[in-house]
Amino acid sequence: MIVVDLPREALLVSGRDAGSYLHSQLSNDIASLAVGASRPSLVLEPTGRVVALVRVTRRADTEFVIDLAPGFLDVVTARLTKFKIRVQADISPLEVHVVAVRGDTSLDVASLAPGGSDRVLALPAWWSDGRAIDLLSTAPVDIARIGTRDDYESTRVAAVWPEMGSEIVPGDTLPAATGVVTVAVSFSKGCYPGQELVERMDSRGSTAPRTLRSISVPSGTSIGDPVVIDGESVGTITTVIGERALAYVKRDVEI
């Protein structure tokens, strides 16, 4: 079991139109979220390139928390405010504390009581398969930490889950390359900016020129190194932890 602090930044989107506005702007179905529930989603440019991979949590009927990796709050704020015209939805930074739990996630969340904060929310993380949850609160979470950030990164690499800044570069990365379309995109909701590229690639059964893989690497491998097979460079390393790595590899290459 791994229990580590996970740096995250967040936005609070609140107001009468908060839900409908986010539903119209993000790739996943936000309108049907129940209070206390969350979903991963992509924030896309109108061209279809990824701005950010985020998680959206409905904290109340008219309150939504968007949390994401640190360093990208400004770009997400700018993208969400760009099309906010005649909409009653306030977008403001929110300080959050997140603890990542990986492995045994059978926790008694009700027993966690950060003083003077909202209750701790146990939110599905990554593939929402029950093996990864994040504890999110507006105050420090009172739980014993187990393991290190490297331990956390090892589980992320094994899960093939992309991270902002390493596997996702705002304005450059294709949604299909990340591998998260199956959990971060709804194909039955209404229109949203960037939908055309996502829908076109899905309807044609297309994949990105390079796709994210978890691979074995020799000791000493560094981020940015090429993935070489039979003397040919077929990809690029994006994250390294020990002798495992995430890499974008040409779609027709089997590893």
# chains A, B, ... in the order shown; residues from 1 in each chain; ligands from 1
$ closest_atom_pairs --of "stretch 138-248 of chain A" --to "stretch 14-32 of chain A" --cutoff "7 Å" --atoms "only C-alpha atoms" --output "Markdown table"
| residue | atom | partner | partner_atom | distance |
| --- | --- | --- | --- | --- |
| A:Ala184 | CA | A:Asn28 | CA | 5.7 |
| A:Val185 | CA | A:Asn28 | CA | 4.5 |
| A:Ser186 | CA | A:Asn28 | CA | 4.7 |
| A:Lys189 | CA | A:Asp29 | CA | 6.2 |
| A:Cys191 | CA | A:Ser24 | CA | 6.4 |
| A:Tyr192 | CA | A:Gln25 | CA | 5.0 |
| A:Pro193 | CA | A:Gln25 | CA | 6.1 |
$ residues_around --residues "A:Gly224" --least-positions-apart "6" --cutoff "9 Å" --atoms "only C-alpha atoms" --output "NGL selection string"
:A and (236-239)
$ residues_around --residues "stretch 133-150 of chain A" --least-positions-apart "3" --cutoff "6 Å" --atoms "only C-alpha atoms" --output "list in words"
Ile2, Val3, Val4, Val96, His97, Val98, Val99, Ala100, Val101, Leu112, Pro114, Ser117, Val120, Leu121, Ala122, Leu123, Pro124, Ala125 and Glu153 of chain A
$ write_last_selection --atoms "C-alpha atoms" --output "short mmCIF file (atom, residue, chain, number, x, y, z; two decimals), in the first residue's frame"
data_model
loop_
_atom_site.label_atom_id
_atom_site.label_comp_id
_atom_site.auth_asym_id
_atom_site.auth_seq_id
_atom_site.Cartn_x
_atom_site.Cartn_y
_atom_site.Cartn_z
CA ILE A 2 1.27 3.48 -0.87
CA VAL A 3 -0.04 6.63 0.84
CA VAL A 4 1.75 9.82 -0.24
CA VAL A 96 -6.72 21.65 -1.89
CA HIS A 97 -4.78 18.90 -0.15
CA VAL A 98 -4.58 15.54 -1.90
CA VAL A 99 -3.24 12.24 -0.61
CA ALA A 100 -2.75 9.46 -3.14
CA VAL A 101 -3.59 5.92 -2.02
CA LEU A 112 -10.41 11.01 8.53
CA PRO A 114 -9.16 17.37 8.98
CA SER A 117 -12.44 21.74 6.60
CA VAL A 120 -12.57 14.33 2.95
CA LEU A 121 -13.66 13.08 -0.45
CA ALA A 122 -12.34 9.70 -1.58
CA LEU A 123 -12.14 10.11 -5.34
CA PRO A 124 -11.36 7.45 -7.96
CA ALA A 125 -8.00 8.04 -9.61
CA GLU A 153 5.65 7.05 -9.77
#
$ atom_distance --atom1 "atom CA of A:Val253" --atom2 "atom CA of A:Glu196"
27.1 Å
$ atom_distance --atom1 "atom CA of A:Leu12" --atom2 "atom CA of A:Val65"
4.8 Å
$ closest_residue --among "A:Pro7, A:Gly48, A:Pro40, A:Gly205" --to "A:Pro170" --atoms "only C-alpha atoms"
A:Gly48
$ decode --residues "stretch 90-110 of chain A" --atoms "N, CA and C atoms" --output "short mmCIF file (atom, residue, chain, number, x, y, z; two decimals), in the first residue's frame"
data_model
loop_
_atom_site.label_atom_id
_atom_site.label_comp_id
_atom_site.auth_asym_id
_atom_site.auth_seq_id
_atom_site.Cartn_x
_atom_site.Cartn_y
_atom_site.Cartn_z
N ASP A 90 -18.75 31.37 -11.68
CA ASP A 90 -17.52 31.98 -11.21
C ASP A 90 -16.40 30.94 -11.19
N ILE A 91 -15.22 31.34 -11.66
CA ILE A 91 -14.06 30.46 -11.70
C ILE A 91 -12.96 31.07 -10.85
N SER A 92 -12.56 30.38 -9.80
CA SER A 92 -11.56 30.93 -8.89
C SER A 92 -10.63 29.83 -8.38
N PRO A 93 -9.38 30.17 -8.03
CA PRO A 93 -8.45 29.16 -7.49
C PRO A 93 -8.96 28.64 -6.15
N LEU A 94 -8.68 27.38 -5.88
CA LEU A 94 -9.08 26.74 -4.62
C LEU A 94 -7.89 25.95 -4.09
N GLU A 95 -7.53 26.19 -2.84
CA GLU A 95 -6.44 25.41 -2.25
C GLU A 95 -6.97 24.05 -1.81
N VAL A 96 -6.32 23.00 -2.26
CA VAL A 96 -6.72 21.65 -1.89
C VAL A 96 -5.51 20.87 -1.40
N HIS A 97 -5.79 19.84 -0.61
CA HIS A 97 -4.78 18.90 -0.15
C HIS A 97 -5.19 17.52 -0.65
N VAL A 98 -4.27 16.85 -1.31
CA VAL A 98 -4.58 15.54 -1.90
C VAL A 98 -3.56 14.52 -1.41
N VAL A 99 -4.09 13.38 -0.99
CA VAL A 99 -3.24 12.24 -0.61
C VAL A 99 -3.59 11.09 -1.54
N ALA A 100 -2.56 10.57 -2.21
CA ALA A 100 -2.75 9.46 -3.14
C ALA A 100 -2.62 8.14 -2.40
N VAL A 101 -3.60 7.26 -2.61
CA VAL A 101 -3.59 5.92 -2.02
C VAL A 101 -3.58 4.91 -3.16
N ARG A 102 -2.56 4.09 -3.19
CA ARG A 102 -2.44 3.10 -4.25
C ARG A 102 -2.24 1.72 -3.64
N GLY A 103 -2.88 0.72 -4.23
CA GLY A 103 -2.82 -0.64 -3.71
C GLY A 103 -4.08 -0.96 -2.95
N ASP A 104 -3.97 -1.20 -1.65
CA ASP A 104 -5.14 -1.49 -0.81
C ASP A 104 -5.87 -0.19 -0.53
N THR A 105 -7.02 0.00 -1.16
CA THR A 105 -7.77 1.25 -1.01
C THR A 105 -8.99 1.10 -0.11
N SER A 106 -9.03 0.04 0.71
CA SER A 106 -10.17 -0.19 1.59
C SER A 106 -9.99 0.63 2.88
N LEU A 107 -10.17 1.94 2.77
CA LEU A 107 -9.97 2.84 3.90
C LEU A 107 -11.30 3.25 4.51
N ASP A 108 -11.28 3.51 5.81
CA ASP A 108 -12.44 4.09 6.47
C ASP A 108 -12.33 5.60 6.36
N VAL A 109 -12.81 6.12 5.23
CA VAL A 109 -12.65 7.54 4.95
C VAL A 109 -13.39 8.39 5.97
N ALA A 110 -14.48 7.90 6.51
CA ALA A 110 -15.25 8.66 7.48
C ALA A 110 -14.45 8.99 8.74
#
